[in-house]
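Coordinates as given in entry03.txt (compact mmCIF, C-alpha atoms):
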```
# COMPACT_ATOMS: atom_id res chain seq x y z
CA TRP A 9 0.00 0.00 0.00
CA GLU A 10 1.06 3.32 -0.68
CA GLN A 11 1.47 6.30 1.40
CA PRO A 12 -0.13 9.38 0.23
CA GLY A 13 2.28 11.79 -1.30
CA GLY A 14 4.89 9.00 -1.65
CA ALA A 15 4.69 8.96 -5.39
CA GLU A 16 5.07 12.62 -5.52
CA GLU A 17 8.12 12.57 -3.31
CA GLU A 18 9.59 9.85 -5.39
CA ALA A 19 8.91 11.79 -8.57
CA THR A 20 10.44 14.85 -6.97
CA ALA A 21 13.40 12.79 -5.85
CA ARG A 22 13.78 11.42 -9.36
CA ARG A 23 13.54 14.85 -10.82
CA ARG A 24 16.10 16.03 -8.28
CA ARG A 25 18.40 13.10 -9.13
CA ALA A 26 17.84 13.71 -12.83
CA GLU A 27 18.57 17.41 -12.28
CA GLU A 28 21.66 16.53 -10.24
CA GLU A 29 22.78 14.06 -12.91
CA ARG A 30 22.17 16.67 -15.58
CA LEU A 31 24.07 19.26 -13.58
CA ALA A 32 26.83 16.72 -12.91
CA ALA A 33 26.91 15.86 -16.62
CA GLU A 34 27.03 19.57 -17.51
CA ARG A 35 29.76 20.09 -14.90
CA GLN A 36 31.66 17.14 -16.31
CA ALA A 37 31.11 18.43 -19.86
CA ALA A 38 32.21 21.92 -18.74
CA GLU A 39 35.23 20.45 -16.97
CA ALA A 40 35.98 18.33 -20.04
CA ARG A 41 35.62 21.47 -22.22
CA GLN A 42 37.84 23.43 -19.84
CA GLU A 43 40.38 20.59 -19.79
CA ALA A 44 40.24 20.38 -23.60
CA GLU A 45 40.61 24.18 -23.84
CA ARG A 46 43.45 24.08 -21.30
CA ARG A 47 45.17 21.32 -23.26
CA ALA A 48 44.52 23.16 -26.52
CA ALA A 49 45.94 26.35 -24.95
CA GLU A 50 48.97 24.42 -23.67
CA ALA A 51 49.39 22.86 -27.14
CA ARG A 52 49.13 26.34 -28.73
CA GLN A 53 51.64 27.71 -26.21
CA GLU A 54 53.96 24.77 -26.86
CA ALA A 55 53.57 25.26 -30.61
CA GLU A 56 54.21 29.00 -30.20
CA ARG A 57 57.21 28.27 -27.96
CA ARG A 58 58.58 25.80 -30.56
CA ALA A 59 57.92 28.27 -33.37
CA ALA A 60 59.64 31.02 -31.36
CA ALA A 61 62.57 28.69 -30.60
CA GLU A 62 62.82 27.72 -34.29
CA LYS A 63 62.64 31.38 -35.30
CA GLU A 64 65.29 32.23 -32.71
CA ARG A 65 67.49 29.36 -33.96
CA GLN A 66 67.07 30.53 -37.56
CA GLU A 67 67.83 34.11 -36.49
CA ALA A 68 70.93 32.89 -34.63
CA GLU A 69 72.02 30.93 -37.71
CA ARG A 70 71.42 33.99 -39.89
CA ARG A 71 73.42 36.19 -37.51
CA ALA A 72 76.20 33.57 -37.37
CA ALA A 73 76.26 33.38 -41.18
CA GLU A 74 76.36 37.18 -41.42
CA ARG A 75 79.12 37.32 -38.80
CA GLN A 76 81.08 34.63 -40.65
CA ALA A 77 80.61 36.46 -43.96
CA ALA A 78 81.71 39.72 -42.33
CA GLU A 79 84.75 38.00 -40.82
CA GLN A 80 85.60 36.50 -44.20
CA ARG A 81 85.25 39.89 -45.88
CA ALA A 82 87.43 41.43 -43.16
CA ALA A 83 90.03 38.66 -43.58
CA GLU A 84 90.01 39.16 -47.36
CA GLN A 85 90.34 42.90 -46.86
CA ARG A 86 93.24 42.39 -44.42
CA ALA A 87 94.90 40.00 -46.90
CA GLU A 88 94.44 42.53 -49.72
CA GLU A 89 95.84 45.33 -47.53
CA GLN A 90 98.78 43.12 -46.57
CA ARG A 91 99.40 42.24 -50.23
CA ARG A 92 99.31 45.93 -51.15
CA ALA A 93 101.62 46.79 -48.25
CA GLU A 94 104.06 44.06 -49.31
CA GLU A 95 103.90 45.25 -52.90
CA ALA A 96 104.53 48.84 -51.80
CA GLU A 97 107.41 47.66 -49.59
CA ASN A 98 108.91 45.70 -52.52
CA ILE A 99 108.66 48.79 -54.75
CA ARG A 100 110.25 50.92 -52.01
CA ARG A 101 113.06 48.40 -51.63
CA ARG A 102 113.64 48.24 -55.41
CA ASN A 103 113.82 52.03 -55.46
CA LEU A 104 116.29 51.98 -52.54
CA VAL A 105 118.46 49.48 -54.42
CA VAL A 106 118.43 51.60 -57.57
CA GLU A 107 119.19 54.76 -55.60
CA ALA A 108 122.04 53.10 -53.67
CA ALA A 109 123.49 51.76 -56.93
CA HIS A 110 123.22 55.24 -58.49
CA ILE A 111 124.87 56.93 -55.51
CA THR A 112 127.71 54.47 -55.05
CA GLY A 113 128.20 53.05 -58.53
CA VAL A 114 128.07 49.52 -57.06
CA ASP A 115 126.06 46.82 -58.85
CA GLU A 116 122.44 46.41 -57.73
CA GLU A 117 122.81 42.91 -56.28
CA LYS A 118 125.56 44.04 -53.93
CA CYS A 119 123.43 47.07 -52.99
CA ARG A 120 120.43 44.81 -52.30
CA VAL A 121 122.51 42.57 -50.03
CA ARG A 122 123.97 45.55 -48.15
CA LEU A 123 120.55 47.24 -47.77
CA ALA A 124 119.03 44.02 -46.43
CA ALA A 125 121.90 43.70 -43.96
CA GLN A 126 121.37 47.31 -42.84
CA GLY A 127 117.61 46.89 -42.36
CA TRP A 128 116.84 48.80 -45.60
CA ASP A 129 118.38 52.00 -44.16
CA LEU A 130 119.66 53.80 -47.26
CA GLU A 131 122.03 56.13 -45.44
CA ALA A 132 123.70 53.36 -43.42
CA ALA A 133 123.93 51.11 -46.49
CA VAL A 134 125.48 53.87 -48.63
CA LYS A 135 128.02 54.59 -45.88
CA MET A 136 128.92 50.90 -45.66
CA LEU A 137 129.14 50.55 -49.44
CA ALA A 138 131.34 53.66 -49.65
CA ALA A 139 133.55 52.29 -46.86
CA GLU A 140 133.76 48.94 -48.67
CA GLN A 141 134.63 50.69 -51.93
CA ASP A 142 137.27 52.77 -50.18
CA LEU A 143 138.68 49.66 -48.53
CA GLY A 144 138.65 47.87 -51.89
CA ARG A 145 140.46 50.79 -53.56
CA ARG A 146 143.04 50.84 -50.78
CA ARG A 147 143.56 47.10 -51.09
CA GLN A 148 143.90 47.41 -54.85
CA GLN A 149 146.38 50.28 -54.44
CA GLN A 150 148.32 48.25 -51.88
CA GLN A 151 148.34 45.25 -54.20
CA GLU A 152 149.43 47.41 -57.13
CA GLN A 153 152.08 49.04 -54.95
CA ALA A 154 153.28 45.63 -53.75
CA ALA A 155 153.38 44.35 -57.32
CA LYS A 156 155.29 47.44 -58.40
CA VAL A 157 157.77 47.07 -55.53
CA GLN A 158 158.18 43.39 -56.34
CA GLN A 159 158.74 44.19 -60.00
CA GLN A 160 161.25 46.88 -59.11
CA GLU A 161 163.03 44.45 -56.82
CA GLN A 162 163.13 41.91 -59.61
CA CYS A 163 164.36 44.53 -62.03
CA SER A 164 166.91 45.89 -59.53
CA GLN A 165 168.30 42.38 -59.32
CA LEU A 166 169.07 42.77 -63.00
CA GLN A 167 171.53 45.52 -62.22
CA GLY A 168 175.15 44.52 -62.14
CA ASP A 169 177.27 42.26 -64.39
CA ARG A 170 175.16 40.15 -66.74
CA ILE A 171 175.69 37.93 -69.76
CA CYS A 172 173.42 38.40 -72.79
CA THR A 173 171.57 35.15 -73.46
CA ARG A 174 170.44 36.01 -77.00
CA HIS A 175 171.06 38.47 -79.77
CA TRP A 176 169.25 41.78 -79.30
CA ARG A 177 168.73 44.63 -81.75
CA PRO A 178 167.04 47.93 -80.73
CA LEU A 179 163.89 49.02 -82.52
CA PRO A 180 164.54 51.47 -85.36
CA ASP A 181 162.86 54.37 -83.50
CA VAL A 182 164.97 53.86 -80.32
CA GLN A 183 167.96 56.24 -80.22
CA ASN A 184 171.25 55.83 -78.41
CA ALA A 185 171.02 52.01 -78.22
CA ILE A 186 173.51 49.44 -79.40
CA PRO A 187 172.83 45.91 -80.56
CA LEU A 188 173.99 43.01 -78.33
CA LEU A 189 175.22 39.58 -79.31
CA GLN A 190 174.57 36.39 -77.40
CA GLY A 191 177.36 35.74 -74.88
CA GLU A 192 178.47 39.37 -74.53
CA ARG A 193 179.08 40.57 -71.02
CA VAL A 194 177.30 43.80 -70.03
CA GLN A 195 177.02 45.90 -66.89
CA VAL A 196 173.42 46.96 -66.13
CA SER A 197 173.34 50.23 -64.20
CA TRP A 198 169.71 51.32 -64.78
CA THR A 199 166.34 49.80 -65.77
CA ASP A 200 163.00 51.44 -66.61
CA GLY A 201 161.21 49.23 -64.06
CA THR A 202 159.81 46.76 -66.59
CA CYS A 203 161.35 43.38 -66.79
CA GLY A 204 161.76 41.42 -69.95
```

Rendering of file as structure tokens:
Amino acid sequence: WEQPGGAEEEATARRRRAEEERLAAERQAAEARQEAERRAAEARQEAERRAAAEKERQEAERRAAERQAAEQRAAEQRAEEQRRAEEAENIRRRNLVVEAAHITGVDEEKCRVRLAAQGWDLEAAVKMLAAEQDLGRRRQQQQEQAAKVQQQEQCSQLQGDRICTRHWRPLPDVQNAIPLLQGERVQVSWTDGTCG
């Protein structure tokens, strides 16, 4: 048997349970939507972060490539400047060699060697070359003097009693000379300094 109002309470309770289930289902759906939105937002953020990281990596690569290209251009420019400086230095050195040769009258190779030894200082090299030339002239004069003295000594040994070893006739243009016959004895009192 049924109590009065029991069906109504049960219907109300069912409606309440249905309402609670509906609300719970809506809450769950809302939570699921929120979770899906949160995950979608996290995925978007992750995608944005990855895109930003990729963009940053590409930018870093671009900057590195630009820096490398700039360094290469700078290295090429330095190499070109160095080549030009070396070329200018070679021209300056050639001019120094020519000038030293002109000043001293010494051949260019000797001037080049002396300039290199003097650190490409023209004044010092010219002084050394002049000193070397002066020393060379003095040596040559000493050698010539020694040769002359030796020749005079040899010729002075000819003075005194000598025997003619072959016939000799003066040249037609020589005056006051007499012919000599082989075996004649002569006394040499003077020579002109030339032997023979």

Using Å and a single decimal, report how far CA of Ala96 in chain A sits from CA of Leu137 in chain A.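 Going from CA of Leu137 in chain A over to CA of Ala96 in chain A, I get 24.8 Å.
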
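If you look at CA of Gln66 in chain A and CA of Gln53 in chain A, they are 19.4 Å away from each other.
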
Could you check how far CA of Thr199 in chain A sits from CA of Gln159 in chain A, in Å to one decimal? 11.1 Å

Padding 5 Å on every side, please: axis-aligned box over the listed atoms of range 14-24 of chain A, centre and edge lengths to one decimal in Å, as lines of an AutoDock Vina configuration file.
```
center_x = 10.4
center_y = 12.5
center_z = -6.2
size_x = 21.4
size_y = 17.1
size_z = 19.2
```

Could you tell me which of A:Ala60, A:Arg30, A:Val134, A:Gln36 comes closest to Gly113 in chain A if we count all atoms listed in the file?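 Comparing A:Ala60, A:Arg30, A:Val134, A:Gln36 against Gly113 in chain A, the winner is A:Val134.
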
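Between Arg100 in chain A and the candidates A:Arg120, A:Arg23, A:Arg52, A:Arg35, the tightest atom-to-atom separation, counting all atoms listed in the file, involves A:Arg120.
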
With all atoms listed in the file as the basis for distance, which of A:Gln153, A:Ile186, A:Lys135, A:Val105 is at the shortest distance from Val121 in chain A?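 The closest residue to Val121 in chain A is A:Val105.
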
Residues at most 12 Å from Trp128 in chain A, counting only C-alpha atoms, excluding those fewer than 2 positions away in the same chain, as a PyMOL selection string? chain A and resi 97-98+100-105+107-108+119-126+130-134

List the neighbours of His175 in chain A out to 9 Å using only C-alpha atoms; skip same-chain residues closer than 6 positions along the sequence, and give me the result as a ChimeraX atom specification. /A:187-191

Start from the incomplete input, build N, CA and C atoms for range 128-158 of chain A, and deliver everything as an mmCIF file, in the frame of the given file.
```cif
data_model
loop_
_atom_site.group_PDB
_atom_site.id
_atom_site.type_symbol
_atom_site.label_atom_id
_atom_site.label_comp_id
_atom_site.auth_asym_id
_atom_site.auth_seq_id
_atom_site.Cartn_x
_atom_site.Cartn_y
_atom_site.Cartn_z
ATOM 1 N N TRP A 128 117.395 47.922 -44.559
ATOM 2 C CA TRP A 128 116.840 48.800 -45.600
ATOM 3 C C TRP A 128 116.982 50.272 -45.228
ATOM 4 N N ASP A 129 118.045 50.607 -44.488
ATOM 5 C CA ASP A 129 118.380 52.000 -44.160
ATOM 6 C C ASP A 129 119.354 52.485 -45.225
ATOM 7 N N LEU A 130 118.872 53.355 -46.116
ATOM 8 C CA LEU A 130 119.660 53.800 -47.260
ATOM 9 C C LEU A 130 120.952 54.480 -46.822
ATOM 10 N N GLU A 131 120.851 55.384 -45.865
ATOM 11 C CA GLU A 131 122.030 56.130 -45.440
ATOM 12 C C GLU A 131 123.108 55.209 -44.885
ATOM 13 N N ALA A 132 122.725 54.296 -44.009
ATOM 14 C CA ALA A 132 123.700 53.360 -43.420
ATOM 15 C C ALA A 132 124.285 52.461 -44.510
ATOM 16 N N ALA A 133 123.441 51.993 -45.431
ATOM 17 C CA ALA A 133 123.930 51.110 -46.490
ATOM 18 C C ALA A 133 124.903 51.842 -47.408
ATOM 19 N N VAL A 134 124.588 53.092 -47.759
ATOM 20 C CA VAL A 134 125.480 53.870 -48.630
ATOM 21 C C VAL A 134 126.814 54.099 -47.922
ATOM 22 N N LYS A 135 126.776 54.403 -46.627
ATOM 23 C CA LYS A 135 128.020 54.590 -45.880
ATOM 24 C C LYS A 135 128.852 53.315 -45.898
ATOM 25 N N MET A 136 128.188 52.166 -45.659
ATOM 26 C CA MET A 136 128.920 50.900 -45.660
ATOM 27 C C MET A 136 129.471 50.578 -47.042
ATOM 28 N N LEU A 137 128.664 50.811 -48.079
ATOM 29 C CA LEU A 137 129.140 50.550 -49.440
ATOM 30 C C LEU A 137 130.317 51.455 -49.786
ATOM 31 N N ALA A 138 130.237 52.733 -49.389
ATOM 32 C CA ALA A 138 131.340 53.660 -49.650
ATOM 33 C C ALA A 138 132.589 53.208 -48.894
ATOM 34 N N ALA A 139 132.407 52.775 -47.648
ATOM 35 C CA ALA A 139 133.550 52.290 -46.860
ATOM 36 C C ALA A 139 134.138 51.040 -47.518
ATOM 37 N N GLU A 140 133.272 50.144 -47.991
ATOM 38 C CA GLU A 140 133.760 48.940 -48.670
ATOM 39 C C GLU A 140 134.498 49.292 -49.944
ATOM 40 N N GLN A 141 133.955 50.258 -50.705
ATOM 41 C CA GLN A 141 134.630 50.690 -51.930
ATOM 42 C C GLN A 141 135.990 51.295 -51.602
ATOM 43 N N ASP A 142 136.013 52.142 -50.581
ATOM 44 C CA ASP A 142 137.270 52.770 -50.180
ATOM 45 C C ASP A 142 138.273 51.711 -49.752
ATOM 46 N N LEU A 143 137.809 50.754 -48.970
ATOM 47 C CA LEU A 143 138.680 49.660 -48.530
ATOM 48 C C LEU A 143 139.165 48.858 -49.733
ATOM 49 N N GLY A 144 138.274 48.601 -50.672
ATOM 50 C CA GLY A 144 138.650 47.870 -51.890
ATOM 51 C C GLY A 144 139.675 48.640 -52.705
ATOM 52 N N ARG A 145 139.477 49.962 -52.836
ATOM 53 C CA ARG A 145 140.460 50.790 -53.560
ATOM 54 C C ARG A 145 141.819 50.759 -52.872
ATOM 55 N N ARG A 146 141.772 50.883 -51.528
ATOM 56 C CA ARG A 146 143.040 50.840 -50.780
ATOM 57 C C ARG A 146 143.747 49.509 -50.968
ATOM 58 N N ARG A 147 142.961 48.433 -50.890
ATOM 59 C CA ARG A 147 143.560 47.100 -51.090
ATOM 60 C C ARG A 147 144.166 46.996 -52.484
ATOM 61 N N GLN A 148 143.408 47.472 -53.479
ATOM 62 C CA GLN A 148 143.900 47.410 -54.850
ATOM 63 C C GLN A 148 145.170 48.237 -54.994
ATOM 64 N N GLN A 149 145.180 49.442 -54.386
ATOM 65 C CA GLN A 149 146.380 50.280 -54.440
ATOM 66 C C GLN A 149 147.555 49.590 -53.756
ATOM 67 N N GLN A 150 147.249 48.965 -52.590
ATOM 68 C CA GLN A 150 148.320 48.250 -51.880
ATOM 69 C C GLN A 150 148.839 47.091 -52.717
ATOM 70 N N GLN A 151 147.908 46.372 -53.357
ATOM 71 C CA GLN A 151 148.340 45.250 -54.200
ATOM 72 C C GLN A 151 149.154 45.756 -55.385
ATOM 73 N N GLU A 152 148.687 46.840 -56.004
ATOM 74 C CA GLU A 152 149.430 47.410 -57.130
ATOM 75 C C GLU A 152 150.800 47.896 -56.675
ATOM 76 N N GLN A 153 150.804 48.551 -55.500
ATOM 77 C CA GLN A 153 152.080 49.040 -54.950
ATOM 78 C C GLN A 153 153.009 47.870 -54.659
ATOM 79 N N ALA A 154 152.458 46.806 -54.058
ATOM 80 C CA ALA A 154 153.280 45.630 -53.750
ATOM 81 C C ALA A 154 153.791 44.992 -55.027
ATOM 82 N N ALA A 155 152.950 44.920 -56.041
ATOM 83 C CA ALA A 155 153.380 44.350 -57.320
ATOM 84 C C ALA A 155 154.464 45.212 -57.946
ATOM 85 N N LYS A 156 154.304 46.526 -57.837
ATOM 86 C CA LYS A 156 155.290 47.440 -58.400
ATOM 87 C C LYS A 156 156.624 47.300 -57.672
ATOM 88 N N VAL A 157 156.544 47.229 -56.331
ATOM 89 C CA VAL A 157 157.770 47.070 -55.530
ATOM 90 C C VAL A 157 158.442 45.749 -55.881
ATOM 91 N N GLN A 158 157.623 44.694 -56.006
ATOM 92 C CA GLN A 158 158.180 43.390 -56.340
ATOM 93 C C GLN A 158 158.840 43.425 -57.709
#
```
